[in-house]
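J.: Next comes the structure file run.txt, holding compact mmCIF, C-alpha atoms and all ligand atoms.
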```txt
# COMPACT_ATOMS: atom_id res chain seq x y z
CA MET B 1 -91.84 13.35 -11.53
CA THR B 2 -95.59 13.50 -11.55
CA THR B 3 -95.62 15.76 -8.50
CA VAL B 4 -93.23 18.22 -10.13
CA LYS B 5 -95.45 18.40 -13.18
CA CYS B 6 -98.46 19.09 -11.00
CA PHE B 7 -96.72 21.87 -9.11
CA HIS B 8 -95.62 23.43 -12.37
CA CYS B 9 -99.09 23.06 -13.72
CA LEU B 10 -100.75 24.65 -10.70
CA SER B 11 -98.33 27.56 -10.73
CA ARG B 12 -99.78 28.59 -14.09
CA SER B 13 -103.13 29.21 -12.34
CA THR B 14 -105.23 28.10 -15.25
CA VAL B 15 -108.10 25.70 -14.75
CA HIS B 16 -107.37 23.94 -17.99
CA ALA B 17 -103.77 23.34 -17.03
CA CYS B 18 -104.75 22.11 -13.57
CA LEU B 19 -107.31 19.72 -14.89
CA LEU B 20 -104.79 18.38 -17.36
CA CYS B 21 -102.40 17.94 -14.50
CA VAL B 22 -104.94 15.97 -12.46
CA VAL B 23 -105.76 13.78 -15.42
CA ILE B 24 -102.09 13.05 -15.98
CA PHE B 25 -101.56 12.38 -12.28
CA TRP B 26 -104.48 9.98 -11.91
CA GLY B 27 -103.96 8.54 -15.37
CA LYS B 28 -100.41 7.60 -14.48
CA ARG B 29 -101.46 6.13 -11.16
CA GLN B 30 -104.22 4.10 -12.78
CA LEU B 31 -101.92 2.99 -15.57
CA ALA B 32 -99.28 1.91 -13.07
CA SER B 33 -101.94 0.08 -11.09
CA ALA B 34 -103.27 -1.64 -14.22
CA VAL B 35 -99.75 -2.63 -15.28
CA ASN B 36 -99.07 -4.05 -11.81
CA ALA B 37 -102.34 -5.99 -11.86
CA LEU B 38 -101.55 -7.34 -15.33
CA GLN B 39 -98.04 -8.35 -14.29
CA GLN B 40 -99.47 -10.05 -11.21
CA ARG B 41 -102.04 -11.96 -13.29
CA GLN B 42 -99.31 -13.00 -15.74
CA SER B 43 -97.08 -14.05 -12.89
CA ASP B 44 -99.94 -16.05 -11.35
CA ALA B 45 -100.74 -17.65 -14.71
CA LEU B 46 -97.19 -18.93 -15.05
CA ALA B 47 -96.64 -19.66 -11.37
CA THR B 48 -97.18 -23.40 -11.66
CA GLN B 49 -95.34 -23.79 -14.96
CA GLY B 50 -91.83 -25.23 -14.90
CA PHE B 51 -89.24 -24.10 -17.46
CA PHE B 52 -86.09 -26.03 -18.24
CA CYS B 53 -83.34 -26.24 -20.82
CA ARG B 54 -81.68 -29.57 -21.47
CA ALA B 55 -77.88 -29.89 -21.40
CA GLY B 56 -75.82 -27.73 -23.75
CA TYR B 57 -77.22 -24.27 -22.96
CA ASP B 58 -75.47 -21.64 -20.91
CA SER B 59 -77.62 -19.74 -18.42
CA HIS B 60 -77.97 -16.66 -20.67
CA GLU B 61 -79.10 -18.68 -23.71
CA CYS B 62 -81.54 -20.63 -21.58
CA GLU B 63 -82.97 -17.51 -19.95
CA ARG B 64 -83.53 -15.84 -23.34
CA ARG B 65 -85.52 -18.77 -24.62
CA ILE B 66 -87.56 -19.12 -21.44
CA THR B 67 -88.41 -15.41 -21.56
CA GLU B 68 -89.59 -15.83 -25.15
CA LEU B 69 -91.63 -18.88 -24.23
CA LYS B 70 -93.29 -17.10 -21.30
CA ALA B 71 -94.23 -14.22 -23.59
CA VAL B 72 -95.95 -16.68 -25.93
CA LEU B 73 -97.73 -18.50 -23.09
CA ILE B 74 -99.12 -15.24 -21.75
CA GLN B 75 -100.76 -14.62 -25.13
CA TYR B 76 -102.86 -17.74 -24.55
CA ARG B 77 -104.94 -16.22 -21.80
CA ALA B 78 -106.88 -19.36 -20.96
CA GLY B 79 -103.53 -20.66 -19.77
CA ALA B 80 -101.68 -23.91 -19.52
CA PRO B 81 -102.74 -26.70 -17.17
CA LYS B 82 -101.26 -26.41 -13.70
CA ASN B 83 -97.90 -27.95 -12.93
CA TRP B 84 -96.88 -28.32 -16.55
CA ARG B 85 -93.21 -28.53 -17.52
CA TRP B 86 -91.69 -26.96 -20.63
CA VAL B 87 -88.39 -28.38 -21.79
CA ILE B 88 -86.25 -26.76 -24.50
CA VAL B 89 -83.89 -29.04 -26.41
CA ARG B 90 -80.99 -28.10 -28.69
CA SER B 91 -81.66 -28.85 -32.35
CA GLU B 92 -78.61 -31.12 -32.60
CA ASP B 93 -80.09 -33.24 -29.80
CA TRP B 94 -83.63 -33.12 -31.14
CA GLN B 95 -83.40 -35.72 -33.90
CA PRO B 96 -81.87 -38.42 -31.68
CA LEU B 97 -84.56 -37.70 -29.06
CA ALA B 98 -87.40 -37.86 -31.61
CA GLN B 99 -85.93 -41.05 -33.08
CA SER B 100 -85.64 -42.73 -29.69
CA LEU B 101 -89.34 -42.00 -29.07
CA HIS B 102 -90.35 -43.06 -32.60
CA LEU B 103 -91.80 -39.63 -33.35
CA ASP B 104 -92.04 -37.86 -36.67
CA ARG B 105 -88.64 -36.22 -37.32
CA GLU B 106 -90.31 -33.20 -38.92
CA SER B 107 -92.08 -32.29 -35.71
CA PRO B 108 -90.34 -29.59 -33.57
CA ALA B 109 -92.57 -30.13 -30.50
CA PHE B 110 -94.29 -32.93 -28.65
CA SER B 111 -96.03 -33.46 -25.33
CA ALA B 112 -95.91 -36.33 -22.89
CA ILE B 113 -99.43 -36.06 -21.50
CA THR B 114 -99.18 -38.29 -18.45
CA GLU B 115 -95.81 -36.79 -17.48
CA ARG B 116 -97.26 -33.28 -18.00
CA GLU B 117 -94.35 -32.18 -20.13
CA THR B 118 -93.92 -30.45 -23.47
CA PHE B 119 -90.63 -30.56 -25.34
CA LEU B 120 -89.70 -27.80 -27.80
CA GLU B 121 -86.89 -27.83 -30.33
CA ASP B 122 -84.47 -24.90 -30.28
CA ALA B 123 -85.19 -24.20 -33.97
CA LEU B 124 -88.51 -22.70 -32.83
CA PHE B 125 -86.61 -20.02 -30.92
CA PHE B 126 -83.49 -19.42 -32.94
CA ALA B 127 -82.96 -19.75 -36.70
CA HIS B 128 -80.88 -22.79 -37.55
CA PRO B 129 -79.60 -23.08 -41.11
CA GLY B 130 -81.50 -25.76 -42.98
CA ARG B 131 -83.74 -26.87 -40.13
CA THR B 132 -85.63 -23.58 -39.79
CA ASP B 133 -86.28 -23.41 -43.54
CA GLU B 134 -87.50 -26.99 -43.39
CA LEU B 135 -89.98 -26.14 -40.63
CA VAL B 136 -91.20 -22.99 -42.36
CA ARG B 137 -91.85 -24.94 -45.58
CA HIS B 138 -93.37 -27.92 -43.84
CA PHE B 139 -95.82 -25.97 -41.68
CA HIS B 140 -96.42 -23.12 -44.14
CA THR B 141 -95.75 -20.77 -41.23
CA PRO B 142 -93.30 -17.82 -41.04
CA PHE B 143 -90.39 -18.34 -38.66
CA ASP B 144 -91.55 -15.61 -36.27
CA GLN B 145 -94.86 -17.43 -35.76
CA LEU B 146 -93.57 -20.99 -35.47
CA LEU B 147 -93.10 -20.94 -31.69
CA SER B 148 -96.55 -19.49 -31.06
CA VAL B 149 -98.23 -22.00 -33.38
CA ALA B 150 -96.34 -24.92 -31.84
CA VAL B 151 -97.08 -23.82 -28.26
CA GLY B 152 -100.78 -23.26 -29.06
CA HIS B 153 -101.05 -26.72 -30.55
CA GLU B 154 -99.29 -28.40 -27.62
CA LEU B 155 -101.49 -26.48 -25.17
CA GLY B 156 -104.44 -27.92 -27.08
CA HIS B 157 -103.13 -31.42 -26.42
CA ALA B 158 -102.36 -30.58 -22.80
CA ILE B 159 -105.77 -29.09 -22.01
CA CYS B 160 -107.67 -31.77 -23.94
CA HIS B 161 -105.64 -34.56 -22.29
CA GLY B 162 -104.11 -35.65 -25.57
CA GLY B 163 -106.90 -35.58 -28.07
CA SER B 164 -106.51 -35.92 -31.80
CA GLU B 165 -104.53 -33.53 -33.97
CA ALA B 166 -107.80 -31.96 -35.10
CA ILE B 167 -108.93 -31.41 -31.49
CA ALA B 168 -105.56 -29.87 -30.59
CA ASN B 169 -105.71 -27.55 -33.59
CA ARG B 170 -109.23 -26.43 -32.77
CA ALA B 171 -108.31 -25.92 -29.12
CA ALA B 172 -105.35 -23.81 -30.22
CA GLU B 173 -107.63 -21.63 -32.37
CA GLN B 174 -109.95 -21.11 -29.39
CA LEU B 175 -107.04 -20.26 -27.10
CA ARG B 176 -105.78 -17.67 -29.58
CA VAL B 177 -109.03 -15.74 -29.26
CA GLY B 178 -109.04 -16.00 -25.47
CA LYS B 179 -111.59 -18.82 -25.13
CA TYR B 180 -111.16 -21.89 -22.97
CA PRO B 181 -111.09 -24.83 -25.39
CA ASP B 182 -114.03 -27.10 -25.94
CA CYS B 183 -112.36 -30.48 -26.29
CA ALA B 184 -115.48 -32.32 -27.47
CA GLY B 185 -117.84 -31.92 -30.41
CA ASN B 186 -117.64 -32.49 -34.12
CA MET B 187 -114.26 -31.98 -35.66
CA LYS B 188 -113.64 -30.23 -38.92
CA SER B 189 -112.14 -32.44 -41.63
CA LEU B 190 -108.41 -32.94 -41.33
CA THR B 191 -105.87 -31.21 -43.51
CA PRO B 192 -103.26 -33.41 -45.22
CA ILE B 193 -100.68 -32.33 -42.61
CA GLU B 194 -103.01 -33.25 -39.72
CA GLU B 195 -103.68 -36.63 -41.28
CA LEU B 196 -99.97 -37.25 -41.63
CA TYR B 197 -99.48 -36.63 -37.92
CA LEU B 198 -102.51 -38.62 -36.94
CA HIS B 199 -101.12 -41.66 -38.73
CA SER B 200 -97.63 -41.34 -37.34
CA GLN B 201 -98.38 -40.41 -33.74
CA SER B 202 -97.42 -42.50 -30.77
CA PRO B 203 -100.32 -43.11 -28.35
CA ARG B 204 -98.30 -41.81 -25.39
CA PHE B 205 -96.98 -38.68 -27.06
CA ARG B 206 -98.70 -35.95 -28.98
CA HIS B 207 -96.67 -33.73 -31.24
CA PHE B 208 -96.92 -30.57 -33.31
ZN ZN U 301 -100.31 -32.66 -32.26
```
Let me see whether you can do it: turn the structure in this file into structure tokens.
Ligand SMILES: [Zn+2]

T.:
Amino acid sequence: MTTVKCFHCLSRSTVHACLLCVVIFWGKRQLASAVNALQQRQSDALATQGFFCRAGYDSHECERRITELKAVLIQYRAGAPKNWRWVIVRSEDWQPLAQSLHLDRESPAFSAITERETFLEDALFFAHPGRTDELVRHFHTPFDQLLSVAVGHELGHAICHGGSEAIANRAAEQLRVGKYPDCAGNMKSLTPIEELYLHSQSPRFRHF
């Protein structure tokens, strides 16, 4: 298609048209090259990440959620730790799972640091009556940003090898602006929500 445009352009025998043609030709090639390089970098960034859906999903539902999760992970350019697993759990199975691990039932995400796994509730991906409203109210975050906020926070825990809620939140802020998190240093004072999580957290698990 580019070649045809160039031929057409040259047949007009005007310098302006020919230059425009060359710019379009090289511009397209460079754009395609840049897109390929970006896709390769994104592919490399996610290469060591594992993505799974727990029982109850069909392959199409699972693939949709994994695609959405990958799109969010790519936004955090500093990337997830290598060989990390992401597990998506149906909302109806989430409460029993959280209860069995003695985690806060409000939380839609948690990470098992030593196992290198993060678990995400389906309500972060797909609106569930009642539960989604509950999460939006609880975290003061619009539904379309919940997944990104939860993933950023869990990445903070993952990169900082656990860390406090305040450290995870600060790491998430740094990741959002493309910086690699500084896991040490003085922490800002905790918000009431962060304090709530700090008091209820299990030492083995870190949650959103
Ligand atoms: Zn947390």

J.: For CA of Ala123 in chain B and CA of Ser59 in chain B, quote the distance in Å rounded to one decimal.

T.: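 Taking CA of Ala123 in chain B and CA of Ser59 in chain B, their separation equals 17.9 Å.
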
J.: Pick the closest to Ala45 in chain B from B:Ile88, B:Leu124, B:Leu101, B:Ile74: which is it, counting only C-alpha atoms?

T.: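 Ranking B:Ile88, B:Leu124, B:Leu101, B:Ile74 by distance to Ala45 in chain B, first place goes to B:Ile74.
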
J.: With distances taken over all atoms listed in the file, which residue among B:Pro108, B:Gly50, B:Gly156, B:Gly56 lies nearest Val87 in chain B?

T.: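 Going through B:Pro108, B:Gly50, B:Gly156, B:Gly56 one by one, the smallest distance to Val87 in chain B is for B:Gly50.
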
J.: With distances taken over all atoms listed in the file, which of B:Ser111, B:Gln95, B:Gln145, B:Gln75 is nearest to His157 in chain B?

T.: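 Among B:Ser111, B:Gln95, B:Gln145, B:Gln75, it is B:Ser111 that comes nearest to His157 in chain B.
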
J.: Mind giving me the straight-line distance from CA of Leu146 in chain B to CA of Ala168 in chain B in Å, one decimal?

T.: 15.7 Å

J.: With distances taken over all atoms listed in the file, which residue among B:Cys62, B:Ala55, B:Val151, B:Ala158 lies nearest Glu92 in chain B?

T.: B:Ala55

J.: In Å to one decimal, how far is CA of Ile167 in chain B from CA of Arg90 in chain B?

T.: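 About the pair CA of Arg90 in chain B and CA of Ile167 in chain B: they are 28.3 Å apart.
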
J.: Between B:Tyr180, B:Phe126, B:Tyr57, B:Phe110, single out the one closest to ligand ZN 301 (chain U), counting all atoms listed in the file.

T.: B:Phe110

J.: Rank B:Glu63, B:Phe208, B:Ala127, B:Gln49 by their smallest atom-to-atom distance to Ser107 in chain B, using only C-alpha atoms, and report the top residue only.

T.: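 Among the listed residues, B:Phe208 lies closest to Ser107 in chain B.
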